[in-house]
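Here is the file final-v9.tsv (TSV, C-alpha atoms and all ligand atoms).
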```tsv
chain	number	residue	atom	x	y	z
P	391	MET	CA	-15.88	-8.92	-7.83
P	392	ILE	CA	-13.49	-11.82	-7.27
P	393	LEU	CA	-14.05	-14.96	-9.35
P	394	LEU	CA	-13.35	-17.99	-7.16
P	395	VAL	CA	-13.32	-21.30	-9.04
P	396	GLY	CA	-13.07	-24.64	-7.30
P	397	ASN	CA	-11.74	-27.51	-9.40
P	398	TRP	CA	-12.86	-30.74	-7.77
P	399	LYS	CA	-10.95	-32.81	-10.34
P	400	MET	CA	-11.85	-36.53	-9.94
P	401	ALA	CA	-13.58	-36.25	-6.54
P	402	PRO	CA	-15.73	-36.99	-4.63
P	403	ASN	CA	-16.76	-40.52	-5.62
P	404	LYS	CA	-20.49	-40.28	-4.98
P	405	SER	CA	-23.03	-37.68	-6.04
P	406	THR	CA	-24.51	-37.64	-2.51
P	407	GLU	CA	-21.08	-36.60	-1.17
P	408	ALA	CA	-20.80	-33.99	-3.91
P	409	ILE	CA	-24.21	-32.53	-3.02
P	410	ASN	CA	-23.34	-32.38	0.71
P	411	LEU	CA	-20.04	-30.65	0.01
P	412	ALA	CA	-21.65	-28.20	-2.42
P	413	LYS	CA	-24.38	-27.37	0.11
P	414	LYS	CA	-21.74	-26.38	2.67
P	415	ILE	CA	-19.81	-24.33	0.10
P	416	SER	CA	-23.02	-22.67	-1.03
P	417	LEU	CA	-23.75	-21.49	2.54
P	418	SER	CA	-20.33	-19.78	2.79
P	419	ALA	CA	-20.62	-18.45	-0.75
P	420	LYS	CA	-23.88	-16.72	0.17
P	421	THR	CA	-22.13	-15.01	3.09
P	422	TYR	CA	-19.51	-13.50	0.77
P	423	LYS	CA	-21.63	-13.03	-2.34
P	424	LYS	CA	-21.13	-9.26	-2.41
P	425	SER	CA	-17.43	-9.65	-3.14
P	426	ILE	CA	-17.00	-13.21	-4.47
P	427	ASN	CA	-18.59	-15.05	-7.37
P	428	THR	CA	-18.12	-18.75	-6.56
P	429	VAL	CA	-18.03	-21.47	-9.22
P	430	ILE	CA	-17.51	-25.20	-8.71
P	431	CYS	CA	-16.19	-27.25	-11.62
P	432	ALA	CA	-17.28	-30.76	-10.74
P	433	PRO	CA	-16.91	-34.17	-12.40
P	434	TYR	CA	-19.48	-34.46	-15.23
P	435	ILE	CA	-21.27	-37.34	-13.56
P	436	HIS	CA	-22.24	-35.15	-10.58
P	437	LEU	CA	-23.22	-32.01	-12.47
P	438	PRO	CA	-26.92	-32.74	-13.15
P	439	PHE	CA	-27.44	-33.68	-9.47
P	440	LEU	CA	-25.59	-30.62	-8.21
P	441	ILE	CA	-27.42	-28.24	-10.50
P	442	LYS	CA	-30.79	-29.75	-9.59
P	443	ASN	CA	-30.14	-29.62	-5.84
P	444	ILE	CA	-28.23	-26.38	-5.35
P	445	LYS	CA	-29.94	-23.36	-6.80
P	446	THR	CA	-28.28	-20.52	-4.89
P	447	GLY	CA	-24.83	-19.35	-3.87
P	448	ILE	CA	-22.72	-21.11	-6.46
P	449	SER	CA	-22.64	-21.68	-10.21
P	450	PHE	CA	-21.40	-24.91	-11.73
P	451	GLY	CA	-19.02	-25.76	-14.51
P	452	GLY	CA	-17.37	-28.67	-16.29
P	453	GLN	CA	-13.69	-29.54	-16.28
P	454	ASN	CA	-13.26	-29.91	-20.04
P	455	THR	CA	-15.27	-30.24	-23.22
P	456	ALA	CA	-14.67	-32.00	-26.53
P	457	SER	CA	-13.14	-29.92	-29.31
P	458	SER	CA	-15.91	-30.89	-31.73
P	459	GLU	CA	-19.45	-32.23	-31.61
P	460	ASP	CA	-18.54	-35.31	-33.70
P	461	VAL	CA	-20.19	-38.15	-31.74
P	462	ALA	CA	-17.35	-40.59	-32.40
P	463	GLN	CA	-15.43	-39.54	-29.25
P	464	THR	CA	-15.78	-42.28	-26.68
P	465	GLY	CA	-15.48	-41.03	-23.12
P	466	PHE	CA	-15.89	-37.35	-23.94
P	467	ILE	CA	-18.74	-34.92	-23.45
P	468	ASN	CA	-19.48	-31.80	-25.51
P	469	SER	CA	-20.53	-28.22	-24.88
P	470	SER	CA	-24.17	-28.87	-25.86
P	471	MET	CA	-24.35	-31.49	-23.10
P	472	LEU	CA	-22.84	-29.07	-20.59
P	473	LYS	CA	-25.35	-26.46	-21.68
P	474	SER	CA	-28.25	-28.85	-21.28
P	475	TYR	CA	-27.09	-29.74	-17.73
P	476	GLY	CA	-27.14	-26.00	-16.90
P	477	ALA	CA	-23.37	-25.53	-16.58
P	478	THR	CA	-22.34	-21.90	-16.99
P	479	TYR	CA	-18.54	-22.25	-16.88
P	480	CYS	CA	-16.01	-24.82	-18.08
P	481	ILE	CA	-12.27	-25.23	-17.52
P	482	VAL	CA	-10.24	-25.89	-20.68
P	483	GLY	CA	-6.55	-26.56	-21.20
P	484	HIS	CA	-5.89	-27.72	-17.64
P	485	SER	CA	-2.30	-28.96	-17.35
P	486	GLU	CA	-3.52	-32.37	-16.17
P	487	VAL	CA	-5.41	-32.70	-19.47
P	488	ARG	CA	-2.60	-31.17	-21.56
P	489	ALA	CA	-0.35	-33.86	-20.02
P	490	HIS	CA	-2.45	-36.47	-21.86
P	491	GLY	CA	-1.57	-34.85	-25.18
P	492	GLU	CA	-4.27	-32.20	-25.58
P	493	THR	CA	-2.99	-29.65	-28.10
P	494	ASP	CA	-3.34	-25.85	-28.26
P	495	GLU	CA	-5.50	-26.38	-31.39
P	496	GLN	CA	-7.92	-28.62	-29.49
P	497	ILE	CA	-8.01	-26.17	-26.59
P	498	LEU	CA	-8.87	-23.35	-28.98
P	499	ALA	CA	-11.62	-25.44	-30.61
P	500	SER	CA	-13.06	-26.34	-27.19
P	501	THR	CA	-12.99	-22.68	-26.18
P	502	VAL	CA	-14.83	-21.64	-29.35
P	503	SER	CA	-17.43	-24.37	-28.89
P	504	LEU	CA	-18.10	-23.23	-25.30
P	505	LEU	CA	-18.48	-19.62	-26.41
P	506	GLN	CA	-20.95	-20.71	-29.10
P	507	LYS	CA	-23.07	-22.27	-26.35
P	508	ASN	CA	-22.71	-19.22	-24.13
P	509	ILE	CA	-20.65	-21.06	-21.51
P	510	ILE	CA	-17.75	-19.09	-20.03
P	511	PRO	CA	-14.42	-20.82	-20.78
P	512	ILE	CA	-11.76	-20.73	-18.06
P	513	VAL	CA	-8.65	-21.27	-20.16
P	514	CYS	CA	-5.61	-22.51	-18.23
P	515	VAL	CA	-2.14	-21.46	-19.31
P	516	GLY	CA	1.18	-21.93	-17.58
P	517	GLU	CA	4.75	-23.07	-17.98
P	518	LYS	CA	5.96	-26.53	-16.99
P	519	GLU	CA	9.08	-25.16	-15.36
P	520	ARG	CA	11.00	-21.94	-14.78
P	521	ASP	CA	14.41	-21.50	-16.40
P	522	GLY	CA	16.96	-18.80	-15.79
P	523	HIS	CA	16.69	-17.33	-19.31
P	524	GLY	CA	13.02	-16.43	-19.41
P	525	TRP	CA	12.07	-19.10	-21.98
P	526	TYR	CA	9.09	-19.88	-19.80
P	527	LEU	CA	7.66	-16.53	-20.91
P	528	SER	CA	7.59	-17.69	-24.56
P	529	SER	CA	5.72	-20.87	-23.72
P	530	VAL	CA	2.98	-18.96	-21.91
P	531	LYS	CA	2.93	-16.34	-24.69
P	532	GLU	CA	2.29	-19.07	-27.28
P	533	GLN	CA	-0.58	-20.54	-25.28
P	534	VAL	CA	-2.23	-17.14	-24.81
P	535	GLU	CA	-1.73	-16.12	-28.46
P	536	LYS	CA	-3.28	-19.33	-29.72
P	537	ILE	CA	-6.52	-18.51	-27.90
P	538	PHE	CA	-6.69	-14.75	-28.43
P	539	LEU	CA	-5.77	-14.94	-32.12
P	540	GLY	CA	-8.23	-17.78	-32.76
P	541	VAL	CA	-11.39	-16.75	-30.95
P	542	PRO	CA	-13.85	-14.51	-32.83
P	543	LYS	CA	-13.15	-10.87	-31.85
P	544	ASN	CA	-16.63	-10.22	-30.48
P	545	GLN	CA	-16.28	-13.16	-28.05
P	546	ILE	CA	-12.87	-12.29	-26.60
P	547	LYS	CA	-14.18	-10.36	-23.62
P	548	LYS	CA	-16.01	-13.46	-22.32
P	549	ILE	CA	-12.81	-15.47	-21.88
P	550	VAL	CA	-11.45	-16.04	-18.39
P	551	LEU	CA	-7.75	-16.96	-18.25
P	552	ALA	CA	-6.20	-18.89	-15.39
P	553	TYR	CA	-2.45	-18.61	-14.97
P	554	GLU	CA	-1.38	-21.88	-13.42
P	555	PRO	CA	2.36	-22.58	-13.28
P	556	VAL	CA	2.42	-26.37	-13.69
P	557	TRP	CA	5.26	-26.73	-11.16
P	558	ALA	CA	3.07	-25.17	-8.46
P	559	ILE	CA	-0.04	-27.34	-8.95
P	560	GLY	CA	-1.20	-30.27	-6.87
P	561	LYS	CA	0.30	-32.41	-4.15
P	562	ASN	CA	3.51	-32.98	-6.13
P	563	ALA	CA	4.15	-29.25	-6.58
P	564	ALA	CA	7.85	-28.30	-6.44
P	565	ARG	CA	6.90	-25.26	-4.35
P	566	GLU	CA	4.31	-22.47	-4.12
P	567	ALA	CA	4.71	-19.56	-6.53
P	568	THR	CA	5.57	-16.24	-4.95
P	569	VAL	CA	3.26	-13.29	-5.22
P	570	ALA	CA	5.95	-11.51	-7.29
P	571	GLU	CA	6.05	-14.42	-9.77
P	572	SER	CA	2.28	-14.34	-10.16
P	573	ARG	CA	2.24	-10.55	-10.58
P	574	GLU	CA	5.04	-10.59	-13.17
P	575	MET	CA	3.37	-13.28	-15.26
P	576	ILE	CA	-0.12	-11.75	-15.09
P	577	MET	CA	1.34	-8.40	-16.23
P	578	PHE	CA	3.14	-10.19	-19.04
P	579	ILE	CA	-0.06	-11.99	-20.11
P	580	ARG	CA	-1.92	-8.64	-20.22
P	581	LYS	CA	0.81	-7.26	-22.46
P	582	VAL	CA	0.47	-10.26	-24.81
P	583	ILE	CA	-3.31	-9.73	-24.94
P	584	ALA	CA	-2.86	-5.97	-25.52
P	585	ASP	CA	-0.55	-6.65	-28.48
P	586	ILE	CA	-3.21	-8.86	-30.07
P	587	THR	CA	-6.27	-6.80	-29.16
P	588	ASP	CA	-6.04	-3.45	-27.40
P	589	GLU	CA	-5.16	-2.10	-23.97
P	590	LYS	CA	-8.77	-1.87	-22.81
P	591	THR	CA	-9.46	-5.53	-23.62
P	592	ALA	CA	-6.20	-6.56	-21.93
P	593	LYS	CA	-7.05	-4.57	-18.83
P	594	ASN	CA	-10.57	-6.00	-18.65
P	595	THR	CA	-9.61	-9.63	-19.17
P	596	ASN	CA	-10.35	-11.62	-16.05
P	597	ILE	CA	-7.12	-13.41	-15.05
P	598	LEU	CA	-7.11	-15.92	-12.22
P	599	TYR	CA	-4.17	-17.43	-10.39
P	600	GLY	CA	-4.05	-21.14	-9.59
P	601	GLY	CA	-1.51	-23.48	-8.03
P	602	SER	CA	-1.47	-24.58	-4.37
P	603	VAL	CA	-3.73	-21.72	-3.33
P	604	ASN	CA	-4.85	-22.06	0.28
P	605	GLU	CA	-6.44	-20.04	3.07
P	606	GLN	CA	-3.03	-18.60	4.03
P	607	ASN	CA	-1.74	-17.38	0.65
P	608	ALA	CA	-5.03	-16.57	-1.15
P	609	PHE	CA	-5.32	-13.00	0.11
P	610	ASN	CA	-1.85	-12.07	-1.18
P	611	PHE	CA	-2.41	-13.50	-4.66
P	612	ILE	CA	-5.44	-11.20	-4.94
P	613	SER	CA	-4.12	-8.11	-3.18
P	614	GLU	CA	-0.56	-8.12	-4.57
P	615	GLY	CA	-0.30	-10.95	-7.09
P	616	GLY	CA	-2.28	-9.21	-9.84
P	617	ALA	CA	-5.01	-11.88	-9.92
P	618	GLN	CA	-8.71	-11.00	-10.09
P	619	GLY	CA	-9.67	-14.41	-8.92
P	620	LEU	CA	-8.39	-17.86	-8.02
P	621	LEU	CA	-8.57	-21.40	-9.36
P	622	VAL	CA	-8.36	-23.73	-6.40
P	623	GLY	CA	-7.94	-27.51	-6.50
P	624	ARG	CA	-7.42	-29.43	-3.27
P	625	VAL	CA	-8.69	-26.80	-0.84
P	626	SER	CA	-12.04	-26.60	-2.71
P	627	LEU	CA	-12.75	-30.17	-1.57
P	628	ASP	CA	-12.62	-29.12	2.07
P	629	ALA	CA	-15.64	-26.95	2.92
P	630	LYS	CA	-14.08	-25.51	6.10
P	631	ARG	CA	-10.80	-24.52	4.47
P	632	PHE	CA	-12.56	-23.20	1.37
P	633	SER	CA	-14.78	-21.08	3.60
P	634	SER	CA	-11.72	-19.64	5.44
P	635	LEU	CA	-10.20	-18.90	2.04
P	636	MET	CA	-13.38	-17.02	1.03
P	637	LYS	CA	-13.29	-15.05	4.27
P	638	SER	CA	-9.67	-14.05	3.73
P	639	ILE	CA	-10.11	-12.89	0.13
P	640	SER	CA	-13.32	-11.03	0.92
P	641	LEU	CA	-11.16	-8.76	3.09
P	642	SER	CA	-9.18	-7.69	0.02
P	643	GLN	CA	-12.26	-5.97	-1.46
R	701	LIG	C1	-5.67	-27.04	-10.11
R	701	LIG	O1	-5.86	-28.23	-10.24
R	701	LIG	O2	-6.05	-26.26	-10.99
R	701	LIG	C2	-5.01	-26.58	-8.91
R	701	LIG	C3	-4.67	-25.34	-8.84
R	701	LIG	O3	-4.80	-27.50	-7.90
R	701	LIG	P1	-4.20	-27.22	-6.43
R	701	LIG	O4	-4.92	-26.02	-5.89
R	701	LIG	O5	-4.53	-28.46	-5.67
R	701	LIG	O6	-2.74	-26.99	-6.59
```
Please express the file's structure as structure tokens.
Ligand code: PEP
Amino acid sequence: MILLVGNWKMAPNKSTEAINLAKKISLSAKTYKKSINTVICAPYIHLPFLIKNIKTGISFGGQNTASSEDVAQTGFINSSMLKSYGATYCIVGHSEVRAHGETDEQILASTVSLLQKNIIPIVCVGEKERDGHGWYLSSVKEQVEKIFLGVPKNQIKKIVLAYEPVWAIGKNAAREATVAESREMIMFIRKVIADITDEKTAKNTNILYGGSVNEQNAFNFISEGGAQGLLVGRVSLDAKRFSSLMKSISLSQ
């Protein structure tokens, strides 16, 4: 089963638009439900409306959660709130949030708090840039180790990782990653997980690829890029393109 996660980021503006978009995505998701599990991570403000109005086809998630339940955190929301909305997934450690100074410690604490509430964390890791000496491998290793060494052992199998090279994300991406780059890094991440846990856990960890995924390249990231799923930003805001993407990856199963 492919895990397909749409990250709507800070769009759309109105909940009515969000519901209309989600209804269209839900129709396509139902068509491919045998091979694809579709999740939409929407802005918090839309989540209660989406969850109330769309009961089939897709699951919903948040885009981040606070690292503690201390109420003195203006502008944040916590995992208990996500749980009470009915969210079942939540992205953590997205590079756009890390860019505001979020630390690996906070990302670990957020991950643990989601697991405590039985919400599946989708933990984003990825290097800012590629160098010729392989230092980028150490930065991803550190991010993965922080999570896998910090989460209680009996919760590890619930974690979803998303490998998102920062240089390949969003409209300012330097370029798309190649399938070989994705495959190499996902293999490397599995090795890092195996060294901390065991081979079986490493093999079973759900690792997604994200970064300028579209209806043309999605199939290859799944069939040859080593990813078991995808984290998709811009294209998830376009129901037609997202549906073509679903069609293409369903053929890889
Ligand atoms: C993302 O924001 O996680 C992402 C992958 O965005 P995009 O698909 O637009 O590059």
Query raised in the report: So what do you get for CA of Asn454 (chain P) versus CA of Ser469 (chain P), distance-wise?
Result: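 Distance reported for this atom pair: 8.9 Å.
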Query raised in the report: Can you tell me which residues sit at most 10 Å away from ligand LIG 701 (chain R), counting only C-alpha atoms and all ligand atoms, written as a PyMOL selection string?
Result: chain P and resi 395-399+453+481+484-486+514+552-563+566+599-604+620-627
Report task. Measure the distance from CA of Lys442 (chain P) to CA of Pro511 (chain P) in Å and round it to one decimal. Result ->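 Taking CA of Lys442 (chain P) as the start and CA of Pro511 (chain P) as the end point, the length is 21.7 Å.
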**Report entry** For Val515 (chain P), the nearest of the candidates P:Ile415, P:Asn427, P:Val550, P:Pro542, counting all atoms listed in the file
**Finding:** P:Val550
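Checking P:Val569, P:Leu635, P:Met575, P:Ala617 one by one against Arg520 (chain P), counting only C-alpha atoms, you find the shortest gap at P:Met575.
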Requested in this report: Kindly give the distance, in Å, that separates CA of Lys593 (chain P) and CA of Glu574 (chain P), rounded to a single decimal.
Outcome: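 Those two atoms sit 14.6 Å apart.
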Requested in this report: Would you mind telling me which residue in P:Asn607, P:Gln643, P:Ser474, P:Ser633 lies nearest to Lys414 (chain P) when using all atoms listed in the file?
Outcome: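 The closest residue to Lys414 (chain P) is P:Ser633.
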Can you sort out the box for region 514-531 of chain P, edges along x, y and z, all listed atoms in, 5 Å on every side, with centre and edge lengths in Å to one decimal, as lines of an AutoDock Vina configuration file?
```
center_x = 5.7
center_y = -21.4
center_z = -19.7
size_x = 32.6
size_y = 20.2
size_z = 19.9
```
Because some atoms of region 509-535 of chain P are absent here, can you restore N, CA, C and O atoms and send them as a CSV table (one decimal), in the coordinates of the input?
```csv
chain,number,residue,atom,x,y,z
P,509,ILE,N,-21.3,-20.6,-22.8
P,509,ILE,CA,-20.6,-21.1,-21.5
P,509,ILE,C,-19.3,-20.3,-21.4
P,509,ILE,O,-18.6,-20.3,-22.4
P,510,ILE,N,-19.0,-19.9,-20.2
P,510,ILE,CA,-17.8,-19.1,-20.0
P,510,ILE,C,-16.6,-20.1,-19.9
P,510,ILE,O,-16.5,-20.9,-19.0
P,511,PRO,N,-15.6,-19.9,-20.9
P,511,PRO,CA,-14.4,-20.8,-20.8
P,511,PRO,C,-13.4,-20.3,-19.8
P,511,PRO,O,-13.1,-19.1,-19.8
P,512,ILE,N,-12.9,-21.1,-19.0
P,512,ILE,CA,-11.8,-20.7,-18.1
P,512,ILE,C,-10.5,-21.4,-18.6
P,512,ILE,O,-10.3,-22.6,-18.5
P,513,VAL,N,-9.8,-20.7,-19.4
P,513,VAL,CA,-8.6,-21.3,-20.2
P,513,VAL,C,-7.4,-21.2,-19.3
P,513,VAL,O,-6.9,-20.2,-18.9
P,514,CYS,N,-6.8,-22.4,-19.1
P,514,CYS,CA,-5.6,-22.5,-18.2
P,514,CYS,C,-4.4,-22.4,-19.1
P,514,CYS,O,-4.3,-23.1,-20.1
P,515,VAL,N,-3.4,-21.6,-18.7
P,515,VAL,CA,-2.1,-21.5,-19.3
P,515,VAL,C,-1.1,-21.5,-18.2
P,515,VAL,O,-1.4,-21.2,-17.1
P,516,GLY,N,0.1,-21.9,-18.6
P,516,GLY,CA,1.2,-21.9,-17.6
P,516,GLY,C,2.4,-22.8,-18.0
P,516,GLY,O,2.2,-23.7,-18.8
P,517,GLU,N,3.5,-22.4,-17.6
P,517,GLU,CA,4.8,-23.1,-18.0
P,517,GLU,C,5.0,-24.3,-17.1
P,517,GLU,O,4.6,-24.3,-16.0
P,518,LYS,N,5.7,-25.3,-17.7
P,518,LYS,CA,6.0,-26.5,-17.0
P,518,LYS,C,7.0,-26.3,-15.9
P,518,LYS,O,7.0,-26.8,-14.9
P,519,GLU,N,8.0,-25.5,-16.3
P,519,GLU,CA,9.1,-25.2,-15.4
P,519,GLU,C,9.6,-23.8,-15.6
P,519,GLU,O,9.4,-23.2,-16.7
P,520,ARG,N,10.4,-23.3,-14.6
P,520,ARG,CA,11.0,-21.9,-14.8
P,520,ARG,C,12.5,-22.2,-15.1
P,520,ARG,O,13.1,-23.0,-14.5
P,521,ASP,N,13.0,-21.4,-16.1
P,521,ASP,CA,14.4,-21.5,-16.4
P,521,ASP,C,15.0,-20.1,-16.1
P,521,ASP,O,14.3,-19.2,-15.9
P,522,GLY,N,16.3,-20.0,-16.1
P,522,GLY,CA,17.0,-18.8,-15.8
P,522,GLY,C,17.0,-17.8,-16.9
P,522,GLY,O,17.5,-16.7,-16.8
P,523,HIS,N,16.6,-18.2,-18.1
P,523,HIS,CA,16.7,-17.3,-19.3
P,523,HIS,C,15.4,-16.7,-19.8
P,523,HIS,O,15.3,-16.0,-20.7
P,524,GLY,N,14.3,-17.0,-19.1
P,524,GLY,CA,13.0,-16.4,-19.4
P,524,GLY,C,12.3,-17.1,-20.5
P,524,GLY,O,11.4,-16.6,-21.1
P,525,TRP,N,12.8,-18.4,-20.9
P,525,TRP,CA,12.1,-19.1,-22.0
P,525,TRP,C,10.6,-19.4,-21.6
P,525,TRP,O,9.8,-19.6,-22.4
P,526,TYR,N,10.4,-19.5,-20.3
P,526,TYR,CA,9.1,-19.9,-19.8
P,526,TYR,C,8.1,-18.8,-20.3
P,526,TYR,O,6.9,-19.1,-20.5
P,527,LEU,N,8.6,-17.6,-20.4
P,527,LEU,CA,7.7,-16.5,-20.9
P,527,LEU,C,7.1,-16.9,-22.3
P,527,LEU,O,6.0,-16.7,-22.6
P,528,SER,N,8.0,-17.4,-23.2
P,528,SER,CA,7.6,-17.7,-24.6
P,528,SER,C,6.6,-18.8,-24.6
P,528,SER,O,5.6,-18.8,-25.4
P,529,SER,N,6.7,-19.8,-23.7
P,529,SER,CA,5.7,-20.9,-23.7
P,529,SER,C,4.3,-20.4,-23.3
P,529,SER,O,3.3,-20.7,-23.9
P,530,VAL,N,4.3,-19.5,-22.3
P,530,VAL,CA,3.0,-19.0,-21.9
P,530,VAL,C,2.4,-18.0,-23.0
P,530,VAL,O,1.2,-18.1,-23.3
P,531,LYS,N,3.3,-17.2,-23.6
P,531,LYS,CA,2.9,-16.3,-24.7
P,531,LYS,C,2.2,-17.1,-25.8
P,531,LYS,O,1.2,-16.8,-26.3
P,532,GLU,N,2.9,-18.2,-26.2
P,532,GLU,CA,2.3,-19.1,-27.3
P,532,GLU,C,0.9,-19.6,-26.9
P,532,GLU,O,0.0,-19.5,-27.8
P,533,GLN,N,0.7,-20.0,-25.7
P,533,GLN,CA,-0.6,-20.5,-25.3
P,533,GLN,C,-1.6,-19.4,-25.3
P,533,GLN,O,-2.8,-19.7,-25.8
P,534,VAL,N,-1.3,-18.3,-24.8
P,534,VAL,CA,-2.2,-17.1,-24.8
P,534,VAL,C,-2.6,-16.7,-26.2
P,534,VAL,O,-3.7,-16.5,-26.6
P,535,GLU,N,-1.5,-16.6,-27.1
P,535,GLU,CA,-1.7,-16.1,-28.5
P,535,GLU,C,-2.7,-17.1,-29.2
P,535,GLU,O,-3.5,-16.6,-30.0
```
